[in-house]
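Source file: final25.txt; contents: compact mmCIF, C-alpha atoms.
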# COMPACT_ATOMS: atom_id res chain seq x y z
CA MET R 100 0.00 0.00 0.00
CA LYS R 101 2.92 2.35 0.58
CA GLN R 102 3.45 3.14 -3.08
CA ILE R 103 -0.10 4.41 -3.66
CA TYR R 104 0.01 7.26 -1.17
CA SER R 105 0.49 10.75 -2.59
CA TRP R 106 3.38 12.74 -1.20
CA GLY R 107 0.93 15.39 -0.09
CA TRP R 108 -0.95 12.89 1.99
CA LYS R 109 2.28 11.63 3.50
CA ALA R 110 3.06 15.16 4.63
CA LEU R 111 -0.29 15.46 6.37
CA LEU R 112 0.16 12.12 8.13
CA VAL R 113 2.59 13.73 10.56
CA GLY R 114 -0.18 15.94 11.89
CA ALA R 115 -2.77 13.19 11.58
CA ILE R 116 -0.83 10.84 13.85
CA SER R 117 -1.11 13.27 16.75
CA LEU R 118 -4.82 13.70 16.05
CA ALA R 119 -5.33 9.95 15.90
CA SER R 120 -3.92 9.61 19.39
CA CYS R 121 -6.62 11.89 20.76
CA SER R 122 -9.87 10.06 21.49
CA TYR R 123 -11.85 13.31 21.22
CA TYR R 124 -11.19 13.64 17.49
CA THR R 125 -11.48 9.96 16.61
CA ARG R 126 -14.34 8.91 18.89
CA LYS R 127 -16.02 11.63 20.92
CA ARG R 128 -16.38 14.26 18.19
CA PRO R 129 -17.98 11.85 15.66
CA ILE R 130 -20.47 10.62 18.26
CA LYS R 131 -21.29 14.18 19.30
CA LEU R 132 -21.92 15.28 15.71
CA TYR R 133 -23.98 12.18 14.92
CA ASN R 134 -26.12 12.45 18.06
CA HIS R 135 -26.76 16.13 17.34
CA THR R 136 -27.86 15.24 13.82
CA VAL R 137 -30.25 12.54 15.04
CA GLN R 138 -31.67 14.57 17.92
CA LYS R 139 -32.28 17.63 15.74
CA GLN R 140 -33.58 15.40 12.90
CA LEU R 141 -31.20 17.05 10.47
CA THR R 142 -31.11 15.74 6.91
CA TYR R 143 -29.06 16.57 3.85
CA ASP R 144 -29.62 16.44 0.12
CA ALA R 145 -26.29 14.72 -0.41
CA ALA R 146 -23.27 13.27 1.36
CA ILE R 147 -19.79 13.88 -0.04
CA VAL R 148 -17.65 10.76 0.35
CA PRO R 149 -13.96 11.14 -0.65
CA GLY R 150 -12.29 8.26 -2.44
CA TYR R 151 -9.32 6.10 -1.60
CA PRO R 152 -7.06 3.94 -3.83
CA PHE R 153 -8.36 0.53 -4.92
CA ASP R 154 -5.86 -2.24 -5.65
CA GLY R 155 -8.15 -4.29 -7.89
CA ARG R 156 -8.65 -7.08 -5.34
CA ALA R 157 -10.57 -5.91 -2.28
CA TRP R 158 -11.60 -2.67 -0.64
CA ASP R 159 -9.22 -1.18 1.87
CA SER R 160 -10.44 -0.97 5.46
CA LEU R 161 -10.61 2.83 5.27
CA VAL R 162 -12.70 3.03 2.11
CA LYS R 163 -14.84 0.20 3.47
CA ALA R 164 -15.58 2.25 6.57
CA ARG R 165 -16.47 5.31 4.48
CA VAL R 166 -18.86 3.36 2.25
CA LEU R 167 -20.46 1.50 5.15
CA TRP R 168 -20.98 4.84 6.88
CA ALA R 169 -22.53 6.37 3.78
CA ALA R 170 -24.88 3.40 3.51
CA HIS R 171 -25.86 3.77 7.17
CA LEU R 172 -26.64 7.46 6.77
CA TYR R 173 -28.66 6.79 3.61
CA HIS R 174 -30.72 3.99 5.15
CA LYS R 175 -31.34 6.13 8.24
CA GLY R 176 -32.70 8.89 5.99
CA ILE R 177 -30.06 11.38 7.11
CA VAL R 178 -28.76 11.80 3.54
CA ARG R 179 -30.88 11.40 0.42
CA ASN R 180 -28.09 11.02 -2.10
CA ILE R 181 -24.41 10.10 -2.13
CA ILE R 182 -21.67 11.84 -4.09
CA PHE R 183 -18.65 9.57 -4.35
CA SER R 184 -15.57 11.54 -5.32
CA GLY R 185 -12.22 10.49 -6.73
CA GLY R 186 -10.58 9.73 -10.05
CA ALA R 187 -7.90 7.23 -11.02
CA VAL R 188 -5.20 8.78 -8.86
CA HIS R 189 -2.75 6.25 -7.48
CA THR R 190 -4.04 3.13 -9.25
CA PRO R 191 -5.82 2.74 -12.62
CA TYR R 192 -9.19 2.27 -10.91
CA VAL R 193 -11.60 5.21 -10.73
CA GLU R 194 -12.15 5.53 -7.00
CA ALA R 195 -15.65 7.03 -7.14
CA GLN R 196 -16.97 4.29 -9.40
CA VAL R 197 -15.52 1.52 -7.24
CA MET R 198 -17.18 2.99 -4.15
CA GLY R 199 -20.44 3.36 -6.06
CA LEU R 200 -20.51 -0.34 -6.91
CA TYR R 201 -19.94 -1.28 -3.28
CA ALA R 202 -22.67 1.14 -2.23
CA GLN R 203 -25.15 -0.43 -4.64
CA ALA R 204 -24.25 -3.86 -3.27
CA LEU R 205 -25.14 -2.47 0.18
CA GLY R 206 -28.60 -1.47 -0.99
CA ILE R 207 -28.26 2.16 -2.11
CA PRO R 208 -30.21 2.61 -5.37
CA ALA R 209 -28.13 3.62 -8.37
CA GLU R 210 -30.35 6.65 -8.98
CA HIS R 211 -29.26 8.11 -5.66
CA ILE R 212 -25.54 7.74 -6.35
CA TYR R 213 -23.55 10.46 -8.11
CA TYR R 214 -19.97 10.34 -9.33
CA GLU R 215 -17.31 13.03 -9.24
CA THR R 216 -14.24 11.69 -11.02
CA ARG R 217 -11.89 14.67 -11.39
CA ALA R 218 -10.57 15.00 -7.83
CA GLU R 219 -7.01 13.92 -7.06
CA HIS R 220 -6.68 15.44 -3.57
CA SER R 221 -8.98 15.64 -0.55
CA THR R 222 -9.69 19.35 -0.97
CA GLU R 223 -10.61 18.68 -4.59
CA ASN R 224 -13.03 15.98 -3.44
CA VAL R 225 -15.01 18.67 -1.67
CA TYR R 226 -14.59 21.37 -4.33
CA TYR R 227 -15.69 19.31 -7.32
CA SER R 228 -18.47 17.63 -5.36
CA TYR R 229 -19.80 21.06 -4.42
CA LEU R 230 -19.88 22.00 -8.11
CA LEU R 231 -21.70 18.75 -8.89
CA ALA R 232 -24.19 19.45 -6.11
CA GLU R 233 -24.85 22.87 -7.59
CA LYS R 234 -25.47 21.32 -11.00
CA GLU R 235 -27.89 18.75 -9.56
CA GLY R 236 -29.80 21.31 -7.52
CA PHE R 237 -28.77 20.03 -4.10
CA LYS R 238 -29.05 22.64 -1.36
CA SER R 239 -27.52 20.93 1.68
CA LEU R 240 -24.36 18.86 1.98
CA ALA R 241 -22.54 16.80 4.58
CA LEU R 242 -18.95 15.59 4.39
CA CYS R 243 -19.02 11.93 5.40
CA THR R 244 -15.57 10.49 5.83
CA ASP R 245 -13.18 9.26 8.51
CA PRO R 246 -12.63 11.38 11.64
CA ILE R 247 -9.07 12.42 10.76
CA GLN R 248 -9.84 13.60 7.25
CA SER R 249 -12.86 15.45 8.63
CA ILE R 250 -10.66 17.44 11.03
CA LEU R 251 -8.09 18.16 8.32
CA LEU R 252 -10.81 19.56 6.04
CA LYS R 253 -12.77 21.43 8.69
CA ARG R 254 -11.23 24.86 8.06
CA PHE R 255 -11.38 24.41 4.30
CA THR R 256 -15.10 23.58 4.28
CA ARG R 257 -15.88 26.47 6.62
CA ARG R 258 -14.06 29.18 4.70
CA ARG R 259 -14.41 28.31 1.04
CA PHE R 260 -18.09 27.56 0.41
CA GLY R 261 -21.12 29.84 0.50
CA THR R 262 -23.35 27.03 1.71
CA PRO R 263 -22.06 25.46 4.95
CA ILE R 264 -20.92 21.86 4.61
CA ALA R 265 -21.79 19.82 7.69
CA HIS R 266 -19.35 17.24 9.00
CA LEU R 267 -20.47 13.70 9.81
CA PRO R 268 -17.32 11.62 10.32
CA PHE R 269 -18.00 7.94 10.83
CA VAL R 270 -18.78 6.59 14.28
CA ARG R 271 -16.46 3.66 14.80
CA SER R 272 -18.92 1.47 16.73
CA ILE R 273 -21.61 1.82 14.06
CA VAL R 274 -19.20 0.99 11.25
CA GLU R 275 -17.80 -1.97 13.16
CA SER R 276 -21.29 -3.36 13.68
CA ALA R 277 -21.64 -3.65 9.88
CA ASN R 278 -18.06 -4.75 9.28
CA GLY R 279 -19.13 -8.26 8.32
CA ALA R 280 -20.50 -6.98 5.02
CA ASN R 281 -18.11 -7.97 2.24
CA PRO R 282 -19.89 -7.69 -1.12
CA VAL R 283 -18.14 -8.78 -4.29
CA ILE R 284 -18.19 -6.31 -7.18
CA ASP R 285 -17.37 -6.56 -10.87
CA THR R 286 -14.64 -4.03 -11.63
CA THR R 287 -14.70 -4.63 -15.37
CA GLY R 288 -14.41 -1.33 -17.20
CA LEU R 289 -13.33 0.68 -14.16
CA LYS R 290 -9.65 0.88 -15.12
CA VAL R 291 -8.28 3.89 -16.95
CA ALA R 292 -5.88 3.23 -19.82
CA PRO R 293 -3.34 4.58 -20.42
CA PHE R 294 -2.68 5.43 -16.78
CA THR R 295 0.10 7.35 -15.02
CA PRO R 296 0.00 7.46 -11.21
CA LEU R 297 -0.03 10.81 -9.46
CA ARG R 298 3.44 10.32 -7.99
CA GLU R 299 4.84 10.36 -11.54
CA ARG R 300 2.83 13.41 -12.58
CA GLU R 301 3.46 15.66 -9.58
CA SER R 302 6.49 16.54 -7.53
CA ARG R 303 6.37 16.24 -3.75
CA TRP R 304 5.81 19.96 -3.44
CA GLN R 305 3.05 19.99 -6.06
CA SER R 306 1.30 17.14 -4.27
CA ILE R 307 1.49 18.93 -0.92
CA ARG R 308 0.06 22.06 -2.51
CA GLY R 309 -2.68 20.01 -4.10
CA THR R 310 -3.61 18.45 -0.79
CA MET R 311 -3.87 21.95 0.66
CA GLY R 312 -6.16 23.04 -2.18
CA ARG R 313 -3.59 25.23 -3.91
CA GLY R 314 -4.23 23.57 -7.26
CA ILE R 315 -7.86 24.70 -7.39
CA ASP R 316 -8.72 27.59 -9.68
CA TRP R 317 -11.10 29.76 -7.68
CA GLU R 318 -11.30 32.26 -10.55
CA GLY R 319 -10.59 35.15 -8.22
CA GLN R 320 -13.31 34.20 -5.75
CA GLY R 321 -12.61 33.78 -2.08
CA ALA R 322 -15.36 31.20 -1.87
CA LEU R 323 -17.89 29.51 -4.09
CA PRO R 324 -21.39 31.04 -4.01
CA PRO R 325 -24.26 29.47 -2.03
CA LEU R 326 -26.00 26.48 -3.59
Entire entry expressed as structure tokens:
Amino acid sequence: MKQIYSWGWKALLVGAISLASCSYYTRKRPIKLYNHTVQKQLTYDAAIVPGYPFDGRAWDSLVKARVLWAAHLYHKGIVRNIIFSGGAVHTPYVEAQVMGLYAQALGIPAEHIYYETRAEHSTENVYYSYLLAEKEGFKSLALCTDPIQSILLKRFTRRRFGTPIAHLPFVRSIVESANGANPVIDTTGLKVAPFTPLRERESRWQSIRGTMGRGIDWEGQGALPPL
């Protein structure tokens, strides 16, 4: 798995390790946000679910948790649609499409699944998904990912988008309760050819900048307009 990480993501891992050691960010915060959502009966037009590399054999534990969480939120009625985001970044497989197949196998109807396939960094997952949401007429969004990525993107989602993006990082106990689900998907046609991995297309510095959102063209705007 080491070779499929972007250099930008590696750089952020240093900070993420310290966050991971804090139970507030990995356990207490997700539970607090989820309980608030349930108690207030909050719902969202769509969930943004960032992708993760697929090796062509089986889903990684992290992407599995993200998809299981998205399925839970959909079946609970908290989100009405799912936007899976991610192109063929570190492997030839289009991340969003792989996640979409797993989601369908978990019972989410295809008509409620949307695909954003341009993103190559976490900030781009949010940016391009926001543009897709605007195109589809969605008015409310929630970022549904792992607790660490949620914290790393918190400032970005708060400052750069006219419509607030809620955060619903996965609750570990809920994901673990569904961890026995292991659907088999047909990945035929999901590989991009020809394919060049990101590490061969970007320098370390370019990848770090991309992870920080510096590769996004905001066209002179400080933030995207409200949905």
Within 10 Å of segment 211-228 of chain R, which residues of segment 253-303 of chain R come that close, and what is the closest atom pair and distance in Å for each? Count only C-alpha atoms and give it as JSON lines.
{"residue": "R:Phe255", "atom": "CA", "partner": "R:Thr222", "partner_atom": "CA", "distance": 7.5}
{"residue": "R:Thr256", "atom": "CA", "partner": "R:Val225", "partner_atom": "CA", "distance": 7.7}
{"residue": "R:Arg259", "atom": "CA", "partner": "R:Tyr226", "partner_atom": "CA", "distance": 8.8}
{"residue": "R:Phe260", "atom": "CA", "partner": "R:Tyr226", "partner_atom": "CA", "distance": 8.5}
{"residue": "R:Ile264", "atom": "CA", "partner": "R:Val225", "partner_atom": "CA", "distance": 9.2}
{"residue": "R:Leu297", "atom": "CA", "partner": "R:Glu219", "partner_atom": "CA", "distance": 8.0}
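Interatomic distance, atom CA of Asp144 of chain R against atom CA of Ile207 of chain R: 14.5 Å.
Across the model, the gap from atom CA of His189 of chain R to atom CA of Ala157 of chain R is 15.4 Å.
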Near-Val274 of chain R list (12 Å; all atoms listed in the file; drop same-chain fewer than 2 positions) as a list of chain:residue names: R:Pro129, R:Ile130, R:Ser160, R:Leu161, R:Val162, R:Lys163, R:Ala164, R:Arg165, R:Val166, R:Leu167, R:Trp168, R:Ala169, R:Ala170, R:His171, R:Leu172, R:Thr244, R:Asp245, R:Pro268, R:Phe269, R:Val270, R:Arg271, R:Ser272, R:Ser276, R:Ala277, R:Asn278, R:Gly279, R:Ala280
Computed gap from atom CA of Gln196 of chain R to atom CA of Val148 of chain R is 11.7 Å
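Distance check against Glu233 of chain R using only C-alpha atoms: of R:Gly261, R:Thr295, R:Arg128, R:Met311, the minimum falls on R:Gly261.
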Could you give me, as an NGL selection string, the residues that have an atom at most 9 Å away from the point (-6.6, 5.3, -10.0) in the coordinates of the file, using only C-alpha atoms? :R and (151-154 or 185-194 or 290-291 or 294-297)
Distance criterion (only C-alpha atoms): nearest to Tyr124 of chain R out of R:Thr136, R:Thr262, R:Gln248, R:Ser302: R:Gln248
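Between Arg258 of chain R and the candidates R:Ile181, R:Gln320, R:Leu230, R:Ala209, the tightest atom-to-atom separation, counting all atoms listed in the file, involves R:Gln320.
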Selected residue of minimal separation from Tyr229 of chain R among R:Tyr201, R:Tyr133, R:Phe183, R:Tyr173, counting all atoms listed in the file: R:Phe183
As JSON, please: the centre and edge lengths in Å, to one decimal, of an axis-aligned box enclosing every listed atom of segment 277-294 of chain R with 6 Å added on each side.
{"center_x": -12.2, "center_y": -1.7, "center_z": -5.3, "size_x": 31.0, "size_y": 26.2, "size_z": 42.3}
Taking into account only C-alpha atoms, which residue in the set R:Ala292, R:Ile315, R:Pro325, R:Trp304 is nearest to Ala232 of chain R? R:Pro325
I'd like to know which of R:Ile284, R:Ile147, R:Ala322, R:Ile250 is closest to Gln203 of chain R, using all atoms listed in the file. R:Ile284
